[in-house]
file data-v9.pdb (PDB, C-alpha atoms and all ligand atoms)
ATOM      1  CA  MET A1028       0.000   0.000   0.000
ATOM      2  CA  ALA A1029       0.928   3.657  -0.249
ATOM      3  CA  GLY A1030      -0.763   6.593   1.410
ATOM      4  CA  THR A1031      -1.829   7.522   4.890
ATOM      5  CA  PHE A1032      -4.290   6.212   7.448
ATOM      6  CA  ILE A1033      -5.181   6.706  11.073
ATOM      7  CA  LEU A1034      -4.594   3.663  13.250
ATOM      8  CA  ARG A1035      -7.448   3.982  15.677
ATOM      9  CA  ALA A1036      -6.884   3.621  19.416
ATOM     10  CA  ARG A1037      -7.152   0.004  20.604
ATOM     11  CA  THR A1038      -7.109  -1.465  17.088
ATOM     12  CA  GLY A1039      -4.668  -3.231  14.770
ATOM     13  CA  ARG A1040      -4.114  -3.165  11.050
ATOM     14  CA  ALA A1041      -2.015  -5.254   8.660
ATOM     15  CA  PHE A1042      -0.844  -4.127   5.219
ATOM     16  CA  HIS A1043       1.769  -4.847   2.578
ATOM     17  CA  LEU A1044       5.009  -2.857   2.512
ATOM     18  CA  ARG A1045       7.122  -3.336  -0.574
ATOM     19  CA  ARG A1046      10.891  -3.495  -0.518
ATOM     20  CA  GLY A1047      12.262   0.056  -0.606
ATOM     21  CA  ALA A1048       9.078   1.660   0.743
ATOM     22  CA  THR A1049       9.179   3.806   3.847
ATOM     23  CA  LEU A1050       6.831   3.405   6.794
ATOM     24  CA  ARG A1051       6.348   6.394   9.080
ATOM     25  CA  ILE A1052       4.462   6.153  12.385
ATOM     26  CA  THR A1053       3.589   9.402  14.138
ATOM     27  CA  ASN A1054       2.695   9.497  17.813
ATOM     28  CA  THR A1055      -0.041  12.066  17.233
ATOM     29  CA  PHE A1056      -0.857  12.580  20.916
ATOM     30  CA  GLY A1057       2.569  11.642  22.214
ATOM     31  CA  SER A1058       1.883   8.809  24.609
ATOM     32  CA  GLN A1059       0.629   5.900  22.516
ATOM     33  CA  VAL A1060       2.619   2.667  22.369
ATOM     34  CA  VAL A1061       2.482   0.906  18.991
ATOM     35  CA  ASP A1062       3.187  -2.833  18.845
ATOM     36  CA  THR A1063       4.827  -3.577  15.509
ATOM     37  CA  TRP A1064       5.333  -6.857  13.636
ATOM     38  CA  ALA A1065       6.670  -7.723  10.189
ATOM     39  CA  PHE A1066       6.329 -10.921   8.154
ATOM     40  CA  LYS A1067       7.789 -11.899   4.789
ATOM     41  CA  ALA A1068       5.026 -11.283   2.262
ATOM     42  CA  ASP A1069       5.653 -14.585   0.448
ATOM     43  CA  ASP A1070       6.090 -16.724   3.594
ATOM     44  CA  ILE A1071       4.731 -15.528   6.906
ATOM     45  CA  ALA A1072       6.626 -18.319   8.699
ATOM     46  CA  GLU A1073       9.526 -15.880   8.397
ATOM     47  CA  PHE A1074       8.922 -12.931  10.692
ATOM     48  CA  MET A1075      10.772 -10.050  12.324
ATOM     49  CA  SER A1076      12.423 -11.466  15.423
ATOM     50  CA  MET A1077      13.526  -9.304  18.333
ATOM     51  CA  GLU A1078      15.806 -12.026  19.733
ATOM     52  CA  HIS A1079      17.583 -12.505  16.396
ATOM     53  CA  THR A1080      17.841  -8.733  15.920
ATOM     54  CA  ARG A1081      19.401  -8.263  19.354
ATOM     55  CA  VAL A1082      22.183 -10.763  18.565
ATOM     56  CA  HIS A1083      23.388  -8.561  15.713
ATOM     57  CA  SER A1084      22.543  -5.065  16.961
ATOM     58  CA  SER A1085      25.065  -4.638  19.794
ATOM     59  CA  THR A1086      22.656  -2.175  21.427
ATOM     60  CA  ALA A1087      20.573  -2.590  24.580
ATOM     61  CA  SER A1088      17.476  -1.153  22.954
ATOM     62  CA  PRO A1089      16.207  -0.418  19.436
ATOM     63  CA  VAL A1090      17.752   2.771  18.067
ATOM     64  CA  LYS A1091      17.927   4.622  14.783
ATOM     65  CA  GLY A1092      20.255   2.559  12.608
ATOM     66  CA  THR A1093      19.051  -0.804  13.901
ATOM     67  CA  ILE A1094      18.534  -3.393  11.172
ATOM     68  CA  PHE A1095      15.646  -5.608  12.248
ATOM     69  CA  ARG A1096      16.181  -9.229  11.258
ATOM     70  CA  SER A1097      13.952 -12.211  10.761
ATOM     71  CA  ASN A1098      13.934 -15.537  12.567
ATOM     72  CA  ARG A1099      16.145 -16.632   9.647
ATOM     73  CA  ARG A1100      18.409 -13.622  10.256
ATOM     74  CA  SER A1101      17.633 -11.882   6.978
ATOM     75  CA  PRO A1102      17.179  -8.068   6.973
ATOM     76  CA  MET A1103      13.559  -6.934   7.277
ATOM     77  CA  LEU A1104      13.419  -3.272   8.343
ATOM     78  CA  ASP A1105      15.947  -0.466   8.628
ATOM     79  CA  PHE A1106      15.182   2.021  11.434
ATOM     80  CA  VAL A1107      16.001   5.207   9.510
ATOM     81  CA  GLU A1108      14.461   8.085  11.465
ATOM     82  CA  ASP A1109      13.425   8.902  15.040
ATOM     83  CA  THR A1110      12.400  12.360  16.243
ATOM     84  CA  SER A1111      11.333  11.038  19.668
ATOM     85  CA  PRO A1112      13.695  10.844  22.664
ATOM     86  CA  GLY A1113      14.550   7.376  21.366
ATOM     87  CA  VAL A1114      12.916   5.216  24.009
ATOM     88  CA  HIS A1115      11.428   1.980  22.603
ATOM     89  CA  ASP A1116      11.173  -1.595  23.863
ATOM     90  CA  TRP A1117      11.987  -4.962  22.295
ATOM     91  CA  PHE A1118      11.807  -7.266  25.312
ATOM     92  CA  PHE A1119       8.180  -7.367  26.406
ATOM     93  CA  ALA A1120       5.510  -9.657  25.010
ATOM     94  CA  ALA A1121       2.388  -8.166  23.434
ATOM     95  CA  CYS A1122      -0.540  -7.718  25.806
ATOM     96  CA  ASP A1123      -3.213 -10.410  25.678
ATOM     97  CA  GLN A1124      -6.416 -11.385  27.449
ATOM     98  CA  SER A1125      -4.459 -13.190  30.199
ATOM     99  CA  ARG A1126      -2.473 -10.049  30.945
ATOM    100  CA  TYR A1127      -5.665  -8.071  31.561
ATOM    101  CA  GLU A1128      -7.177 -10.832  33.672
ATOM    102  CA  MET A1129      -4.047 -10.749  35.829
ATOM    103  CA  LEU A1130      -4.579  -6.983  36.176
ATOM    104  CA  GLY A1131      -8.128  -7.613  37.390
ATOM    105  CA  SER A1132     -10.252  -7.403  34.261
ATOM    106  CA  GLU A1133     -13.166  -9.801  34.383
ATOM    107  CA  ALA A1134     -14.510  -9.002  30.921
ATOM    108  CA  ALA A1135     -12.976  -9.495  27.494
ATOM    109  CA  HIS A1136     -10.430  -6.713  26.933
ATOM    110  CA  ASP A1137      -9.012  -5.450  23.650
ATOM    111  CA  ASN A1138      -5.410  -6.565  23.359
ATOM    112  CA  CYS A1139      -2.486  -6.418  20.929
ATOM    113  CA  SER A1140      -2.214 -10.194  20.454
ATOM    114  CA  ASP A1141      -5.804 -10.475  19.292
ATOM    115  CA  ASN A1142      -5.362  -7.294  17.225
ATOM    116  CA  LEU A1143      -2.505  -9.009  15.363
ATOM    117  CA  LYS A1144      -4.494 -12.185  14.726
ATOM    118  CA  GLN A1145      -7.568 -10.248  13.596
ATOM    119  CA  ALA A1146      -5.628  -7.856  11.348
ATOM    120  CA  MET A1147      -3.815 -10.748   9.679
ATOM    121  CA  ARG A1148      -7.091 -12.621   9.204
ATOM    122  CA  GLU A1149      -8.496  -9.562   7.447
ATOM    123  CA  ILE A1150      -5.816  -9.873   4.759
ATOM    124  CA  GLY A1151      -6.131 -13.654   4.489
ATOM    125  CA  HIS A1152      -3.525 -15.027   6.897
ATOM    126  CA  SER A1153      -3.975 -17.202   9.958
ATOM    127  CA  ILE A1154      -1.552 -16.591  12.837
ATOM    128  CA  THR A1155      -1.253 -18.867  15.847
ATOM    129  CA  HIS A1156       2.115 -17.739  17.241
ATOM    130  CA  VAL A1157       2.491 -14.114  18.366
ATOM    131  CA  PRO A1158       6.127 -13.070  17.928
ATOM    132  CA  CYS A1159       7.641 -10.602  20.379
ATOM    133  CA  PRO A1160       6.684  -7.193  18.976
ATOM    134  CA  LEU A1161       8.810  -4.112  18.501
ATOM    135  CA  ASN A1162       7.087  -1.901  21.086
ATOM    136  CA  LEU A1163       7.480   1.587  19.653
ATOM    137  CA  PHE A1164       7.492   4.386  22.228
ATOM    138  CA  GLU A1165       7.208   1.893  25.115
ATOM    139  CA  ASN A1166       9.268   3.028  28.085
ATOM    140  CA  ALA A1167      10.438  -0.177  29.710
ATOM    141  CA  PRO A1168      13.974   0.483  30.916
ATOM    142  CA  LEU A1169      16.289  -2.309  32.020
ATOM    143  CA  LEU A1170      17.868  -0.903  35.152
ATOM    144  CA  ALA A1171      20.374  -2.763  37.310
ATOM    145  CA  GLY A1172      18.635  -6.054  36.766
ATOM    146  CA  ASP A1173      15.111  -4.761  37.231
ATOM    147  CA  THR A1174      12.426  -4.152  34.649
ATOM    148  CA  ALA A1175       9.364  -1.912  34.744
ATOM    149  CA  ILE A1176       6.989  -0.157  32.383
ATOM    150  CA  HIS A1177       6.867   3.620  32.800
ATOM    151  CA  PRO A1178       4.786   6.214  30.909
ATOM    152  CA  PRO A1179       6.217   7.027  27.450
ATOM    153  CA  VAL A1180       8.584   9.969  27.144
ATOM    154  CA  SER A1181       7.617  10.634  23.525
ATOM    155  CA  ARG A1182       5.878  13.910  22.624
ATOM    156  CA  PRO A1183       2.931  14.791  20.396
ATOM    157  CA  GLY A1184       4.028  14.603  16.764
ATOM    158  CA  ASP A1185       7.144  12.535  17.382
ATOM    159  CA  PHE A1186       7.626   9.995  14.631
ATOM    160  CA  VAL A1187       9.721   7.017  13.680
ATOM    161  CA  ALA A1188      10.396   5.765  10.157
ATOM    162  CA  PHE A1189      11.558   2.481   8.682
ATOM    163  CA  THR A1190      12.600   1.378   5.222
ATOM    164  CA  ALA A1191      11.531  -2.086   4.092
ATOM    165  CA  LEU A1192      14.481  -4.305   3.175
ATOM    166  CA  ALA A1193      12.211  -7.041   1.741
ATOM    167  CA  ASP A1194       8.602  -7.365   0.561
ATOM    168  CA  LEU A1195       6.744  -7.420   3.860
ATOM    169  CA  ILE A1196       3.434  -7.536   5.629
ATOM    170  CA  ILE A1197       3.446  -5.085   8.512
ATOM    171  CA  CYS A1198       1.016  -5.261  11.408
ATOM    172  CA  LEU A1199       0.586  -2.370  13.836
ATOM    173  CA  SER A1200      -1.488  -2.353  17.016
ATOM    174  CA  ALA A1201      -2.273   0.806  18.951
ATOM    175  CA  CYS A1202      -1.940  -0.856  22.352
ATOM    176  CA  PRO A1203      -5.271  -0.913  24.263
ATOM    177  CA  GLN A1204      -3.539  -0.939  27.666
ATOM    178  CA  ASP A1205      -5.659   1.166  30.062
ATOM    179  CA  MET A1206      -4.957  -0.714  33.290
ATOM    180  CA  ALA A1207      -1.277   0.326  33.620
ATOM    181  CA  ASP A1208       0.739   3.435  32.690
ATOM    182  CA  THR A1209       2.059   1.913  29.422
ATOM    183  CA  ASN A1210       0.206   4.544  27.333
ATOM    184  CA  GLY A1211       0.697   7.383  29.841
ATOM    185  CA  THR A1212      -0.581   8.187  33.302
ATOM    186  CA  GLY A1213      -3.969   9.138  31.823
ATOM    187  CA  ARG A1214      -4.332   5.468  30.770
ATOM    188  CA  GLU A1215      -6.181   6.489  27.621
ATOM    189  CA  PRO A1216      -5.256   4.683  24.379
ATOM    190  CA  ARG A1217      -5.050   7.127  21.453
ATOM    191  CA  ASP A1218      -4.951   7.176  17.643
ATOM    192  CA  VAL A1219      -1.672   7.279  15.730
ATOM    193  CA  ASP A1220      -0.959   8.421  12.173
ATOM    194  CA  VAL A1221       0.666   6.079   9.662
ATOM    195  CA  GLU A1222       2.187   6.990   6.313
ATOM    196  CA  VAL A1223       3.630   4.718   3.627
ATOM    197  CA  THR A1224       5.670   6.262   0.809
TER     198      THR A1224
HETATM  199 ZN    ZN B1301      -0.763  -3.974  23.961
END

call {"tool": "encode", "arguments": {"input": "data-v9.pdb", "output": "structure tokens", "more": "lines below"}}
Ligand SMILES: [Zn+2]
result
Amino acid sequence: MAGTFILRARTGRAFHLRRGATLRITNTFGSQVVDTWAFKADDIAEFMSMEHTRVHSSTASPVKGTIFRSNRRSPMLDFVEDTSPGVHDWFFAACDQSRYEMLGSEAAHDNCSDNLKQAMREIGHSITHVPCPLNLFENAPLLAGDTAIHPPVSRPGDFVAFTALADLIICLSACPQDMADTNGTGREPRDVDVEVT
């Protein structure tokens, strides 16, 4: 695809990104975490893998210049631009129904894992395994052996951009987390703007 769309709060969307295209994700309101996945367009068994990327990145967190690799170690995305303070996460699993039940939710709760499965279904793919996402704008520092999730430090209008290094399917989920400070102390999931050029 090419063009722009608004990724609505709490929802996911999957779309094709051709090799050489640029994907830009703008944190319109500043505090929204965006879970991001990539799959090879011709074989979704090959997907962007945070653990394989970390082996080759030599950085403790994803930064501009990171080449994201697949579970077969081939290049998938090049992190080419970041106007935010540069705080993103690549360690934490996507939220899911179990996570919200552990936080006290008794009802069905929107979640990034189901957003991925639903978005992929909408373009004709069935996903059973949820890879670890690239959690854009998520503030989950690794400090002296401890982990935590703090409110994002990104600001309204901050954006990140990636260039596709293969023909890909991208899935984005505007994280529905409203039971922790993942999306800010206001705990209100927000829309984000997406542009493909
Ligand atoms: Zn989430």

call {"tool": "residues_around", "arguments": {"input": "data-v9.pdb", "residues": "Arg1081 in chain A", "least_positions_apart": "4", "cutoff": "10 Å", "atoms": "all atoms listed in the file", "output": "CSV table (one decimal) with C-alpha atoms, in the frame of the given file"}}
result
chain,number,residue,atom,x,y,z
A,1076,SER,CA,12.4,-11.5,15.4
A,1077,MET,CA,13.5,-9.3,18.3
A,1085,SER,CA,25.1,-4.6,19.8
A,1086,THR,CA,22.7,-2.2,21.4
A,1087,ALA,CA,20.6,-2.6,24.6
A,1088,SER,CA,17.5,-1.2,23.0
A,1089,PRO,CA,16.2,-0.4,19.4
A,1093,THR,CA,19.1,-0.8,13.9
A,1094,ILE,CA,18.5,-3.4,11.2
A,1095,PHE,CA,15.6,-5.6,12.2
A,1096,ARG,CA,16.2,-9.2,11.3
A,1117,TRP,CA,12.0,-5.0,22.3
A,1118,PHE,CA,11.8,-7.3,25.3

call {"tool": "residues_near_ligand", "arguments": {"input": "data-v9.pdb", "ligand": "ligand ZN 1301 (chain B)", "cutoff": "7 Å", "atoms": "only C-alpha atoms and all ligand atoms", "output": "list in words"}}
result
Asp1062, Ala1121, Cys1122, Asn1138, Cys1139, Cys1202, Pro1203 and Gln1204 of chain A

call {"tool": "resolve_selection", "arguments": {"input": "data-v9.pdb", "expression": "the PyMOL selection byres (((chain A and resi 1033) around 8) and not hetatm)", "output": "PDB file with C-alpha atoms, in the frame of the given file"}}
result
ATOM      1  CA  THR A1031      -1.829   7.522   4.890  1.00  0.00           C
ATOM      2  CA  PHE A1032      -4.290   6.212   7.448  1.00  0.00           C
ATOM      3  CA  LEU A1034      -4.594   3.663  13.250  1.00  0.00           C
ATOM      4  CA  ARG A1035      -7.448   3.982  15.677  1.00  0.00           C
ATOM      5  CA  ASP A1218      -4.951   7.176  17.643  1.00  0.00           C
ATOM      6  CA  VAL A1219      -1.672   7.279  15.730  1.00  0.00           C
ATOM      7  CA  ASP A1220      -0.959   8.421  12.173  1.00  0.00           C
ATOM      8  CA  VAL A1221       0.666   6.079   9.662  1.00  0.00           C
TER       9      VAL A1221
END

call {"tool": "resolve_selection", "arguments": {"input": "data-v9.pdb", "expression": "the PyMOL selection byres (((chain A and resi 1205) around 7) and not hetatm)", "output": "ChimeraX atom specification"}}
result
/A:1203-1204,1206-1207,1214-1216

call {"tool": "resolve_selection", "arguments": {"input": "data-v9.pdb", "expression": "the PyMOL selection byres (((chain A and resi 1125) around 12) and not hetatm)", "output": "mmCIF file with C-alpha atoms, in the coordinates of the input"}}
result
data_model
loop_
_atom_site.group_PDB
_atom_site.id
_atom_site.type_symbol
_atom_site.label_atom_id
_atom_site.label_comp_id
_atom_site.auth_asym_id
_atom_site.auth_seq_id
_atom_site.Cartn_x
_atom_site.Cartn_y
_atom_site.Cartn_z
ATOM 1 C CA ALA A 1120 5.510 -9.657 25.010
ATOM 2 C CA ALA A 1121 2.388 -8.166 23.434
ATOM 3 C CA CYS A 1122 -0.540 -7.718 25.806
ATOM 4 C CA ASP A 1123 -3.213 -10.410 25.678
ATOM 5 C CA GLN A 1124 -6.416 -11.385 27.449
ATOM 6 C CA ARG A 1126 -2.473 -10.049 30.945
ATOM 7 C CA TYR A 1127 -5.665 -8.071 31.561
ATOM 8 C CA GLU A 1128 -7.177 -10.832 33.672
ATOM 9 C CA MET A 1129 -4.047 -10.749 35.829
ATOM 10 C CA LEU A 1130 -4.579 -6.983 36.176
ATOM 11 C CA GLY A 1131 -8.128 -7.613 37.390
ATOM 12 C CA SER A 1132 -10.252 -7.403 34.261
ATOM 13 C CA GLU A 1133 -13.166 -9.801 34.383
ATOM 14 C CA ALA A 1134 -14.510 -9.002 30.921
ATOM 15 C CA ALA A 1135 -12.976 -9.495 27.494
ATOM 16 C CA HIS A 1136 -10.430 -6.713 26.933
ATOM 17 C CA ASP A 1137 -9.012 -5.450 23.650
ATOM 18 C CA ASN A 1138 -5.410 -6.565 23.359
ATOM 19 C CA CYS A 1139 -2.486 -6.418 20.929
ATOM 20 C CA SER A 1140 -2.214 -10.194 20.454
ATOM 21 C CA ASP A 1141 -5.804 -10.475 19.292
#

call {"tool": "closest_residue", "arguments": {"input": "data-v9.pdb", "among": "A:Ser1058, A:Lys1067, A:Lys1144, A:Pro1158", "to": "Gly1213 in chain A", "atoms": "all atoms listed in the file"}}
result
A:Ser1058

call {"tool": "residues_around", "arguments": {"input": "data-v9.pdb", "residues": "range 1177-1187 of chain A", "least_positions_apart": "4", "cutoff": "7 Å", "atoms": "all atoms listed in the file", "output": "ChimeraX atom specification"}}
result
/A:1051-1058,1108-1112,1164-1167,1208-1212

call {"tool": "atom_distance", "arguments": {"input": "data-v9.pdb", "atom1": "CA of Ser1200 in chain A", "atom2": "CA of His1152 in chain A"}}
result
16.3 Å

call {"tool": "residues_near_point", "arguments": {"input": "data-v9.pdb", "point": "(1.8, -2.2, 8.7)", "cutoff": "8 Å", "atoms": "only C-alpha atoms", "output": "JSON, numbers by chain"}}
result
{"A": [1040, 1041, 1042, 1043, 1044, 1050, 1063, 1064, 1065, 1196, 1197, 1198, 1199]}
